[in-house]
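Please read the structure below before turning to the comments.
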Amino acid sequence: MGLDAVTLVHDVETKFEIEIDDRDASKIVTVGDLLDLVWKVVQKSDNSISRKNM
């Protein structure tokens, strides 16, 4: 993954307050891949937060 891609992933992590696993990030090829990964991580994060509040 190039420096631009690493910077983009870092910016997305910061903006959405999530953490993307390096192994998953290395599989990003298209913008759609990034969108799918962010969606998956956000949903996982939301589920863990809502379960803690129960």
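Labels for the structure tokens follow display order: chains A, B, ..., residues from 1 in each chain, ligands from 1.
Residues with any atom within 9 Å of Ala25 (chain A), counting only C-alpha atoms and excluding same-chain neighbours fewer than 2 positions away, are A:Met1, A:Ala5, A:Val6, A:Val9, A:Ile20, A:Asp21, A:Asp22, A:Arg23, A:Lys27, A:Ile28, A:Leu34, A:Leu37.
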Only C-alpha atoms, please: the residues just picked out, written as a tab-separated table (two decimals), in the first residue's frame.
```tsv
chain	number	residue	atom	x	y	z
A	1	MET	CA	0.00	0.00	0.00
A	5	ALA	CA	-3.43	5.02	0.66
A	6	VAL	CA	-2.02	4.83	4.20
A	9	VAL	CA	-6.97	5.08	5.73
A	20	ILE	CA	-9.04	-0.55	10.58
A	21	ASP	CA	-6.88	-3.64	10.86
A	22	ASP	CA	-3.69	-3.44	8.80
A	23	ARG	CA	-4.44	-6.81	7.16
A	27	LYS	CA	-6.72	-5.61	0.76
A	28	ILE	CA	-8.20	-2.25	-0.29
A	34	LEU	CA	-12.70	1.10	1.41
A	37	LEU	CA	-14.58	-2.04	4.99
```
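Counting only C-alpha atoms and comparing A:Asp24, A:Val12, A:Val29, A:Glu19, the residue that lies closest to Lys44 (chain A) is A:Glu19.
From CA of Asp46 (chain A) back to CA of Val31 (chain A), the distance works out to 22.3 Å.
Each of A:Val38, A:Gly2, A:Ser26, A:Asp33 was checked against Thr14 (chain A) using only C-alpha atoms; the smallest atom-to-atom distance is that of A:Val38.
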